[in-house]
Amino acid sequence: MTAHAPIAPAVAYGRLIPVTVHFDDLDALGLLHNARYPLMVERAWTELWNGYGVRFDGDWAAAGDACNAVRELRIGYEAPVTRPGPYAVHLWLERLGTTGVTYGFRFCSADGTETYARGTRVLVRLDPATMRPAPWSETFRAAGRELLRPAG
């Protein structure tokens, strides 16, 4: 018998990325510290984009679509996370623009059924020489279209 990595349950749109809350992620009250939510969301996005070949390896000029900056982050907390263990981050795109993208996310139970926090994050693609907005590559845009939340 071979061990397999756990498979995240299906979601109607976007992707569900498994994450782990560790004991030291909890605050003095035994709750997931509010600053850990964005960190875990960032790690989930990094994992997802690495799967598409978008990664930063230390060279801004070679980073391509990984040369970007956060313009805005909004998060709302809906229910406390009270114990370490397996959870998930549901990720999708709300908007895919020429130089910017708006991500949606939910920090949720491992099966995606219970939501603890949700929010959005706006990223802007940057030209590494000027640090001004630059267009996303067609490869990035194609991957992004797969993650767009359906209208409605």
# chains A, B, ... in the order shown; residues from 1 in each chain; ligands from 1
call {"tool": "residues_around", "arguments": {"residues": "stretch 113-117 of chain A", "least_positions_apart": "6", "cutoff": "6 Å", "atoms": "only C-alpha atoms", "output": "tab-separated table (two decimals) with N, CA and C atoms, in the first residue's frame"}}
result
chain	number	residue	atom	x	y	z
A	76	GLY	N	-11.68	39.95	6.83
A	76	GLY	CA	-12.69	39.95	7.88
A	76	GLY	C	-12.67	38.60	8.57
A	77	TYR	N	-12.77	38.63	9.88
A	77	TYR	CA	-12.71	37.41	10.68
A	77	TYR	C	-14.13	37.01	11.07
A	78	GLU	N	-14.50	35.78	10.77
A	78	GLU	CA	-15.87	35.33	10.98
A	78	GLU	C	-16.06	34.39	12.15
A	79	ALA	N	-15.06	33.54	12.42
A	79	ALA	CA	-15.13	32.59	13.52
A	79	ALA	C	-13.71	32.29	13.97
A	106	ARG	N	-10.67	32.56	1.28
A	106	ARG	CA	-11.35	32.15	2.51
A	106	ARG	C	-10.39	31.27	3.29
A	107	PHE	N	-10.19	31.54	4.56
A	107	PHE	CA	-9.50	30.60	5.44
A	107	PHE	C	-10.59	29.71	5.99
call {"tool": "select_by_dssp", "arguments": {"residues": "chain A", "states": "strand (DSSP E)", "output": "PDB file with C-alpha atoms, in the first residue's frame"}}
result
ATOM      1  CA  ARG A  15      -8.714  26.080  -5.661  1.00  0.00           C
ATOM      2  CA  LEU A  16      -8.641  24.725  -2.122  1.00  0.00           C
ATOM      3  CA  ILE A  17      -5.054  24.563  -0.806  1.00  0.00           C
ATOM      4  CA  PRO A  18      -4.351  22.578   2.395  1.00  0.00           C
ATOM      5  CA  VAL A  19      -2.538  24.454   5.201  1.00  0.00           C
ATOM      6  CA  THR A  20      -1.577  23.502   8.742  1.00  0.00           C
ATOM      7  CA  VAL A  21      -2.080  25.571  11.866  1.00  0.00           C
ATOM      8  CA  ASN A  68       4.609  42.243  -8.109  1.00  0.00           C
ATOM      9  CA  ALA A  69       3.544  44.140  -5.027  1.00  0.00           C
ATOM     10  CA  VAL A  70       0.507  44.150  -2.777  1.00  0.00           C
ATOM     11  CA  ARG A  71      -1.551  47.304  -3.212  1.00  0.00           C
ATOM     12  CA  GLU A  72      -4.345  46.444  -0.810  1.00  0.00           C
ATOM     13  CA  LEU A  73      -5.297  43.706   1.666  1.00  0.00           C
ATOM     14  CA  ARG A  74      -8.719  43.372   3.282  1.00  0.00           C
ATOM     15  CA  ILE A  75      -9.678  40.632   5.700  1.00  0.00           C
ATOM     16  CA  GLY A  76     -12.689  39.946   7.880  1.00  0.00           C
ATOM     17  CA  TYR A  77     -12.712  37.408  10.684  1.00  0.00           C
ATOM     18  CA  GLY A  85      -4.393  20.998  12.800  1.00  0.00           C
ATOM     19  CA  PRO A  86      -5.339  20.756   9.142  1.00  0.00           C
ATOM     20  CA  TYR A  87      -7.236  23.620   7.500  1.00  0.00           C
ATOM     21  CA  ALA A  88      -7.416  25.013   3.962  1.00  0.00           C
ATOM     22  CA  VAL A  89      -7.344  28.269   2.058  1.00  0.00           C
ATOM     23  CA  HIS A  90      -9.859  28.648  -0.766  1.00  0.00           C
ATOM     24  CA  LEU A  91      -8.314  30.870  -3.450  1.00  0.00           C
ATOM     25  CA  TRP A  92      -9.766  32.471  -6.568  1.00  0.00           C
ATOM     26  CA  LEU A  93      -9.533  35.594  -8.700  1.00  0.00           C
ATOM     27  CA  GLU A  94     -12.233  38.253  -8.514  1.00  0.00           C
ATOM     28  CA  ARG A  95     -10.685  40.391 -11.269  1.00  0.00           C
ATOM     29  CA  LEU A  96      -7.884  39.922 -13.787  1.00  0.00           C
ATOM     30  CA  GLY A 100      -3.433  44.246 -11.569  1.00  0.00           C
ATOM     31  CA  VAL A 101      -5.335  41.341 -10.127  1.00  0.00           C
ATOM     32  CA  THR A 102      -7.789  41.038  -7.244  1.00  0.00           C
ATOM     33  CA  TYR A 103      -7.602  37.778  -5.324  1.00  0.00           C
ATOM     34  CA  GLY A 104     -10.382  36.432  -3.182  1.00  0.00           C
ATOM     35  CA  PHE A 105      -9.714  34.033  -0.336  1.00  0.00           C
ATOM     36  CA  ARG A 106     -11.354  32.152   2.514  1.00  0.00           C
ATOM     37  CA  PHE A 107      -9.498  30.600   5.435  1.00  0.00           C
ATOM     38  CA  CYS A 108     -11.613  27.523   6.075  1.00  0.00           C
ATOM     39  CA  SER A 109     -11.912  24.014   7.410  1.00  0.00           C
ATOM     40  CA  THR A 115     -15.273  29.698   6.955  1.00  0.00           C
ATOM     41  CA  TYR A 116     -13.109  31.385   9.609  1.00  0.00           C
ATOM     42  CA  ALA A 117     -11.983  34.450   7.650  1.00  0.00           C
ATOM     43  CA  ARG A 118     -12.371  35.883   4.168  1.00  0.00           C
ATOM     44  CA  GLY A 119     -10.931  38.734   2.208  1.00  0.00           C
ATOM     45  CA  THR A 120      -9.364  40.157  -0.909  1.00  0.00           C
ATOM     46  CA  ARG A 121      -5.902  41.241  -1.947  1.00  0.00           C
ATOM     47  CA  VAL A 122      -4.948  43.452  -4.882  1.00  0.00           C
ATOM     48  CA  LEU A 123      -1.584  42.830  -6.569  1.00  0.00           C
ATOM     49  CA  VAL A 124       0.116  44.954  -9.210  1.00  0.00           C
ATOM     50  CA  ARG A 125       2.635  43.481 -11.662  1.00  0.00           C
TER      51      ARG A 125
END
call {"tool": "closest_residue", "arguments": {"among": "A:Pro84, A:Gly112, A:Pro133, A:Pro150", "to": "A:His22", "atoms": "only C-alpha atoms"}}
result
A:Pro84
call {"tool": "closest_residue", "arguments": {"among": "A:Arg43, A:Arg55, A:His33, A:Arg149", "to": "A:Pro80", "atoms": "only C-alpha atoms"}}
result
A:His33
call {"tool": "residues_around", "arguments": {"residues": "A:Trp136", "least_positions_apart": "3", "cutoff": "8 Å", "atoms": "only C-alpha atoms", "output": "list in words"}}
result
Asp65, Thr98, Thr99, Gly100, Arg125, Phe140 and Arg141 of chain A
call {"tool": "write_last_selection", "arguments": {"atoms": "all heavy atoms", "output": "short mmCIF file (atom, residue, chain, number, x, y, z; two decimals), in the first residue's frame"}}
result
data_model
loop_
_atom_site.label_atom_id
_atom_site.label_comp_id
_atom_site.auth_asym_id
_atom_site.auth_seq_id
_atom_site.Cartn_x
_atom_site.Cartn_y
_atom_site.Cartn_z
N ASP A 65 6.27 37.49 -13.86
CA ASP A 65 5.02 37.79 -13.17
C ASP A 65 5.15 37.76 -11.65
O ASP A 65 4.29 38.28 -10.95
CB ASP A 65 3.93 36.84 -13.63
CG ASP A 65 3.57 37.05 -15.08
OD1 ASP A 65 3.29 38.20 -15.46
OD2 ASP A 65 3.59 36.06 -15.84
N THR A 98 -5.14 44.25 -16.67
CA THR A 98 -3.93 44.30 -17.49
C THR A 98 -2.67 44.26 -16.64
O THR A 98 -1.74 43.51 -16.93
CB THR A 98 -3.93 45.58 -18.36
OG1 THR A 98 -5.12 45.58 -19.15
CG2 THR A 98 -2.71 45.63 -19.27
N THR A 99 -2.65 45.06 -15.57
CA THR A 99 -1.47 45.12 -14.70
C THR A 99 -1.78 44.75 -13.25
O THR A 99 -0.87 44.61 -12.45
CB THR A 99 -0.85 46.54 -14.70
OG1 THR A 99 -1.81 47.46 -14.18
CG2 THR A 99 -0.43 46.97 -16.10
N GLY A 100 -3.04 44.57 -12.94
CA GLY A 100 -3.43 44.25 -11.57
C GLY A 100 -4.35 43.04 -11.52
O GLY A 100 -4.92 42.62 -12.53
N ARG A 125 1.42 43.98 -10.99
CA ARG A 125 2.63 43.48 -11.66
C ARG A 125 3.55 44.67 -11.90
O ARG A 125 3.09 45.73 -12.32
CB ARG A 125 2.23 42.82 -12.98
CG ARG A 125 3.35 42.57 -13.97
CD ARG A 125 4.16 41.35 -13.59
NE ARG A 125 4.85 40.81 -14.73
CZ ARG A 125 6.02 41.26 -15.19
NH1 ARG A 125 6.61 42.30 -14.65
NH2 ARG A 125 6.58 40.66 -16.23
N PHE A 140 0.51 33.92 -17.51
CA PHE A 140 -0.12 34.25 -16.24
C PHE A 140 -1.62 34.47 -16.43
O PHE A 140 -2.44 33.99 -15.65
CB PHE A 140 0.53 35.50 -15.63
CG PHE A 140 -0.06 35.91 -14.31
CD1 PHE A 140 0.49 35.44 -13.13
CD2 PHE A 140 -1.14 36.76 -14.24
CE1 PHE A 140 -0.04 35.82 -11.89
CE2 PHE A 140 -1.68 37.15 -13.03
CZ PHE A 140 -1.13 36.67 -11.85
N ARG A 141 -1.96 35.21 -17.48
CA ARG A 141 -3.37 35.51 -17.74
C ARG A 141 -4.17 34.23 -18.00
O ARG A 141 -5.31 34.10 -17.55
CB ARG A 141 -3.50 36.50 -18.89
CG ARG A 141 -2.91 37.89 -18.54
CD ARG A 141 -3.03 38.88 -19.68
NE ARG A 141 -4.43 39.15 -19.98
CZ ARG A 141 -5.26 39.83 -19.19
NH1 ARG A 141 -4.83 40.31 -18.05
NH2 ARG A 141 -6.50 40.04 -19.54
#
call {"tool": "atom_distance", "arguments": {"atom1": "atom CA of A:Met40", "atom2": "atom CA of A:Leu126"}}
result
23.4 Å
call {"tool": "select_by_dssp", "arguments": {"residues": "stretch 38-117 of chain A", "states": "alpha helix (DSSP H)", "output": "PyMOL selection string"}}
result
chain A and resi 38-51
call {"tool": "atom_distance", "arguments": {"atom1": "atom CA of A:Asn34", "atom2": "atom CA of A:Thr82"}}
result
12.0 Å
call {"tool": "atom_distance", "arguments": {"atom1": "atom CA of A:Gly58", "atom2": "atom CA of A:Trp45"}}
result
17.8 Å
call {"tool": "closest_residue", "arguments": {"among": "A:Gly30, A:Gly97, A:Gly64, A:Gly144", "to": "A:Leu48", "atoms": "only C-alpha atoms"}}
result
A:Gly144
